[in-house]
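A.B. asks: This is work.cif, which holds mmCIF, C-alpha atoms:
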```cif
data_target
#
loop_
_atom_site.group_PDB
_atom_site.id
_atom_site.type_symbol
_atom_site.label_atom_id
_atom_site.label_comp_id
_atom_site.auth_asym_id
_atom_site.auth_seq_id
_atom_site.Cartn_x
_atom_site.Cartn_y
_atom_site.Cartn_z
ATOM 1 C CA MET A 249 82.810 117.314 110.285
ATOM 2 C CA LEU A 250 82.233 113.599 110.970
ATOM 3 C CA ASP A 251 79.929 113.142 113.947
ATOM 4 C CA GLU A 252 81.127 110.678 116.613
ATOM 5 C CA LYS A 253 77.798 108.801 116.338
ATOM 6 C CA TYR A 254 78.642 107.777 112.788
ATOM 7 C CA LYS A 255 82.099 106.315 113.288
ATOM 8 C CA ASP A 256 83.623 102.839 113.289
ATOM 9 C CA GLY A 257 81.251 100.719 115.385
ATOM 10 C CA ASN A 258 78.303 101.559 113.149
ATOM 11 C CA GLU A 259 80.089 101.090 109.848
ATOM 12 C CA GLY A 260 77.956 99.228 107.348
ATOM 13 C CA LYS A 261 74.588 99.977 108.959
ATOM 14 C CA CYS A 262 72.180 101.840 106.694
ATOM 15 C CA ARG A 263 71.043 104.061 109.571
ATOM 16 C CA TYR A 264 74.572 105.514 109.777
ATOM 17 C CA CYS A 265 75.170 105.759 106.035
ATOM 18 C CA GLY A 266 75.237 109.045 104.153
ATOM 19 C CA PHE A 267 73.321 107.442 101.283
ATOM 20 C CA LEU A 268 70.193 106.759 103.382
ATOM 21 C CA SER A 269 67.778 109.278 101.942
ATOM 22 C CA LYS A 270 64.165 110.276 101.708
ATOM 23 C CA HIS A 271 62.881 110.123 98.162
ATOM 24 C CA GLY A 272 60.145 112.652 97.491
ATOM 25 C CA THR A 273 57.170 110.887 95.913
ATOM 26 C CA GLN A 274 54.855 113.878 95.423
ATOM 27 C CA THR A 275 57.042 116.831 94.625
ATOM 28 C CA ALA A 276 54.628 119.293 92.981
ATOM 29 C CA GLY A 277 55.621 122.723 94.286
ATOM 30 C CA ILE A 278 58.609 121.321 96.195
ATOM 31 C CA PRO A 279 62.010 122.503 94.961
ATOM 32 C CA SER A 280 64.468 119.927 93.643
ATOM 33 C CA PRO A 281 66.265 117.679 94.453
ATOM 34 C CA ARG A 282 63.932 114.737 95.021
ATOM 35 C CA PHE A 283 66.408 112.978 97.343
ATOM 36 C CA TYR A 284 66.599 114.560 100.758
ATOM 37 C CA GLU A 285 68.847 114.146 103.779
ATOM 38 C CA VAL A 286 67.473 111.964 106.543
ATOM 39 C CA GLU A 287 68.472 114.062 109.526
ATOM 40 C CA HIS A 288 69.849 112.579 112.731
ATOM 41 C CA SER A 289 66.566 112.872 114.671
ATOM 42 C CA GLU A 290 64.671 111.266 111.765
ATOM 43 C CA ARG A 291 67.137 108.372 111.681
ATOM 44 C CA ILE A 292 66.514 107.721 115.382
ATOM 45 C CA ALA A 293 62.716 108.048 115.154
ATOM 46 C CA GLY A 294 62.360 106.248 111.812
ATOM 47 C CA SER A 295 60.641 109.285 110.258
ATOM 48 C CA PHE A 296 61.075 108.681 106.565
ATOM 49 C CA PHE A 297 57.626 109.251 105.128
ATOM 50 C CA THR A 298 57.343 113.057 105.013
ATOM 51 C CA HIS A 299 59.745 115.795 104.097
ATOM 52 C CA THR A 300 59.307 119.473 104.834
ATOM 53 C CA ALA A 301 61.193 121.739 102.482
ATOM 54 C CA SER A 302 62.849 124.982 103.544
ATOM 55 C CA ASN A 303 59.886 126.934 102.135
ATOM 56 C CA GLY A 304 57.574 125.111 104.601
ATOM 57 C CA LEU A 305 55.861 122.889 102.052
ATOM 58 C CA ALA A 306 55.625 119.217 102.940
ATOM 59 C CA THR A 307 55.711 116.230 100.618
ATOM 60 C CA ASN A 308 55.331 112.510 100.975
ATOM 61 C CA SER A 309 58.574 110.613 100.885
ATOM 62 C CA GLU A 310 59.902 107.109 101.306
ATOM 63 C CA PRO A 311 63.183 105.767 102.640
ATOM 64 C CA MET A 312 65.616 104.926 99.887
ATOM 65 C CA CYS A 313 69.226 104.053 99.348
ATOM 66 C CA PHE A 314 70.605 106.809 97.145
ATOM 67 C CA LEU A 315 72.762 104.196 95.385
ATOM 68 C CA ASP A 316 69.820 101.780 95.103
ATOM 69 C CA LYS A 317 71.688 98.971 96.886
ATOM 70 C CA ILE A 318 68.660 97.935 98.938
ATOM 71 C CA ASN A 319 64.949 98.486 98.274
ATOM 72 C CA PHE A 320 63.443 99.590 101.585
ATOM 73 C CA MET A 321 59.931 100.021 100.202
ATOM 74 C CA GLN A 322 59.844 96.419 98.972
ATOM 75 C CA ILE A 323 60.753 95.326 102.498
ATOM 76 C CA GLU A 324 57.957 97.439 103.962
ATOM 77 C CA LEU A 325 55.377 96.287 101.402
ATOM 78 C CA HIS A 326 56.145 92.589 101.825
ATOM 79 C CA GLN A 327 57.288 92.347 105.457
ATOM 80 C CA GLY A 328 55.939 95.426 107.236
ATOM 81 C CA ARG A 329 57.215 98.573 108.916
ATOM 82 C CA GLN A 330 59.033 96.736 111.733
ATOM 83 C CA LYS A 331 61.157 94.755 109.220
ATOM 84 C CA LEU A 332 61.863 98.007 107.367
ATOM 85 C CA LEU A 333 63.238 99.575 110.561
ATOM 86 C CA GLU A 334 65.236 96.414 111.289
ATOM 87 C CA ALA A 335 66.709 96.541 107.769
ATOM 88 C CA ILE A 336 67.705 100.181 108.216
ATOM 89 C CA ASN A 337 69.354 99.381 111.556
ATOM 90 C CA SER A 338 71.133 96.230 110.346
ATOM 91 C CA ASP A 339 74.394 95.795 108.479
ATOM 92 C CA PRO A 340 73.645 94.414 104.993
ATOM 93 C CA LYS A 341 77.425 94.158 104.276
ATOM 94 C CA CYS A 342 77.127 96.812 101.577
ATOM 95 C CA GLY A 343 80.423 97.714 99.938
ATOM 96 C CA GLU A 344 79.190 101.239 99.200
ATOM 97 C CA TRP A 345 78.686 102.390 102.810
ATOM 98 C CA TYR A 346 79.851 105.939 103.502
ATOM 99 C CA PRO A 347 79.577 107.656 106.905
ATOM 100 C CA TYR A 348 76.690 110.054 107.365
ATOM 101 C CA MET A 349 77.737 113.639 107.995
ATOM 102 C CA PRO A 350 74.873 115.733 109.367
ATOM 103 C CA GLY A 351 73.910 118.600 107.124
ATOM 104 C CA LEU A 352 74.939 116.963 103.849
ATOM 105 C CA SER A 353 72.479 115.666 101.271
ATOM 106 C CA PRO A 354 72.885 112.212 99.721
ATOM 107 C CA GLN A 355 74.228 113.896 96.570
ATOM 108 C CA GLU A 356 76.819 115.786 98.614
ATOM 109 C CA HIS A 357 77.843 112.525 100.320
ATOM 110 C CA TYR A 358 78.182 110.934 96.875
ATOM 111 C CA ASP A 359 80.266 113.850 95.569
ATOM 112 C CA MET A 360 82.492 113.779 98.644
ATOM 113 C CA ARG A 361 83.066 110.026 98.362
ATOM 114 C CA SER A 362 83.801 110.346 94.627
ATOM 115 C CA ARG A 363 86.327 113.099 95.312
ATOM 116 C CA GLU A 364 87.994 110.987 98.027
ATOM 117 C CA GLN A 365 88.141 107.971 95.696
ATOM 118 C CA PHE A 366 89.661 110.141 92.957
ATOM 119 C CA GLU A 367 92.240 111.559 95.378
ATOM 120 C CA ARG A 368 93.113 108.037 96.595
ATOM 121 C CA ALA A 369 93.576 106.919 92.988
ATOM 122 C CA LEU A 370 95.849 109.919 92.341
ATOM 123 C CA ASP A 371 97.833 109.178 95.512
ATOM 124 C CA ALA A 372 98.224 105.528 94.475
ATOM 125 C CA GLU A 373 99.435 106.560 91.037
ATOM 126 C CA ARG A 374 101.837 109.104 92.550
ATOM 127 C CA ASP A 375 103.179 106.446 94.959
ATOM 128 C CA MET A 376 103.674 104.027 92.079
ATOM 129 C CA ARG A 377 105.549 106.686 90.099
ATOM 130 C CA GLU A 378 107.723 107.532 93.110
ATOM 131 C CA ARG A 379 108.568 103.847 93.625
ATOM 132 C CA SER A 380 109.488 103.628 89.954
ATOM 133 C CA TYR A 381 111.690 106.727 90.257
ATOM 134 C CA ARG A 382 113.372 105.313 93.379
ATOM 135 C CA ARG A 383 114.053 102.081 91.499
ATOM 136 C CA GLN A 384 115.566 104.068 88.610
ATOM 137 C CA ASP A 385 117.646 106.067 91.053
ATOM 138 C CA ARG A 386 119.040 102.820 92.509
ATOM 139 C CA TYR A 387 119.875 101.568 89.002
ATOM 140 C CA PHE A 388 121.690 104.824 88.195
ATOM 141 C CA LEU A 389 123.548 104.703 91.513
ATOM 142 C CA TRP A 390 124.739 101.128 90.911
ATOM 143 C CA ALA A 391 125.625 101.931 87.299
ATOM 144 C CA SER A 392 127.692 104.906 88.539
ATOM 145 C CA VAL A 393 129.447 102.755 91.158
ATOM 146 C CA ILE A 394 130.237 100.054 88.606
ATOM 147 C CA LEU A 395 131.430 102.597 86.041
ATOM 148 C CA GLY A 396 133.597 104.335 88.661
ATOM 149 C CA ALA A 397 135.100 100.990 89.739
ATOM 150 C CA ALA A 398 135.759 100.122 86.103
ATOM 151 C CA GLN A 399 137.572 103.452 85.601
ATOM 152 C CA ILE A 400 139.728 102.863 88.687
ATOM 153 C CA ILE A 401 140.596 99.341 87.539
ATOM 154 C CA ALA A 402 141.414 100.627 84.047
ATOM 155 C CA ALA A 403 143.665 103.356 85.507
ATOM 156 C CA ILE A 404 145.508 100.801 87.660
ATOM 157 C CA ILE A 405 145.979 98.469 84.711
ATOM 158 C CA LEU A 406 147.225 101.313 82.532
ATOM 159 C CA SER A 407 149.632 102.459 85.195
ATOM 160 C CA ILE A 408 151.041 98.924 85.531
ATOM 161 C CA ILE A 409 151.358 98.544 81.799
ATOM 162 C CA LEU A 410 153.060 101.890 81.420
ATOM 163 C CA ASN A 411 155.565 101.140 84.204
ATOM 164 C CA TYR A 412 156.665 97.875 82.599
ATOM 165 C CA HIS A 413 157.033 99.319 79.140
ATOM 166 C CA GLU A 414 159.140 102.423 79.160
ATOM 167 C CA SER A 415 158.931 104.573 76.103
ATOM 168 C CA TYR A 416 161.982 105.640 74.135
ATOM 169 C CA THR A 417 161.638 109.160 75.533
ATOM 170 C CA ASP A 418 161.634 107.859 79.128
ATOM 171 C CA ARG A 419 164.802 105.819 78.506
ATOM 172 C CA LEU A 420 166.517 108.801 76.909
ATOM 173 C CA LEU A 421 165.593 111.083 79.820
ATOM 174 C CA LYS A 422 166.883 108.492 82.318
ATOM 175 C CA SER A 423 170.176 108.202 80.524
ATOM 176 C CA ILE A 424 170.582 111.964 80.522
ATOM 177 C CA PHE A 425 169.266 112.892 83.974
ATOM 178 C CA GLY A 426 169.367 109.607 85.814
ATOM 179 C CA PRO A 427 166.410 107.893 87.451
ATOM 180 C CA LEU A 428 163.483 110.268 87.904
ATOM 181 C CA LYS A 429 162.060 108.535 90.935
#
```
In structure tokens, write the structure found in this file.

C.D. replies:
Amino acid sequence: MLDEKYKDGNEGKCRYCGFLSKHGTQTAGIPSPRFYEVEHSERIAGSFFTHTASNGLATNSEPMCFLDKINFMQIELHQGRQKLLEAINSDPKCGEWYPYMPGLSPQEHYDMRSREQFERALDAERDMRERSYRRQDRYFLWASVILGAAQIIAAIILSIILNYHESYTDRLLKSIFGPLK
């Protein structure tokens, strides 16, 4: 679903982030939510100040970071519209950047990123558990090898001891039947 326009080379730029949104400022009669997707054509044109809902009603809006990492309206109020557009097209080195996927709202981008983060955390925990199990398996393997070697050594020692010390029964059998070997 990821559009080629929103891949690697544009990572970090607000214009290509899924959290760039239009915040509805006058929402009487406009259905919720108050944060709307900034569509691809609006990102190119810099059209952030009106939103038309699916029922045809329009509302005033303003560009906003859904995660509130940068205040675009403060930039426009203090530095003007051109600086606002420059800020949206620049890379503020935000650690929360997430690629824009056309057709998804900022909330859906947030939910998707949260799900991915949760799945990565589960994968990391599963990997850690598997490494722990592999380590235990190696310990059990070495313990088995050592125990097996100890049993072989004990059997050899016992066989040597038993050959040097014949029992009374063995001597009696030898005297009756001769050497058994």

A.B. asks: Quick check on the file I pasted: which residues fall under the PyMOL selection byres ((chain A and resi 336) around 10)? Write them as number ranges by chain.

C.D. replies: A: 261-265, 268, 291, 294, 311-313, 318, 320, 330-335, 337-340

A.B. asks: What gap, in Å, lies between CA of His357 in chain A and CA of Gly304 in chain A?

C.D. replies: 24.2 Å

A.B. asks: Per residue of range 349-377 of chain A within 9 Å of range 283-286 of chain A, record the nearest atom pair and its distance in Å to one decimal, counting all atoms listed in the file, with rows in chain order and ascending residue number, as CSV.

C.D. replies:
```
residue,atom,partner,partner_atom,distance
A:Pro350,CA,A:Glu285,CA,8.4
A:Gly351,CA,A:Glu285,CA,7.5
A:Leu352,CA,A:Glu285,CA,6.7
A:Ser353,CA,A:Glu285,CA,4.7
A:Pro354,CA,A:Glu285,CA,6.0
A:Gln355,CA,A:Phe283,CA,7.9
```

A.B. asks: Using all atoms listed in the file, which of A:Ser302, A:Trp345, A:Glu324, A:Arg419 sits nearest Asn258 in chain A?

C.D. replies: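 Once distances to Asn258 in chain A are computed over all atoms listed in the file, the minimum belongs to A:Trp345.
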
A.B. asks: Skipping near chain neighbours, those fewer than 6 positions away, what residues fall within 6 Å of His271 in chain A using only C-alpha atoms, listed as number ranges by chain?

C.D. replies: A: 282-283, 309-310
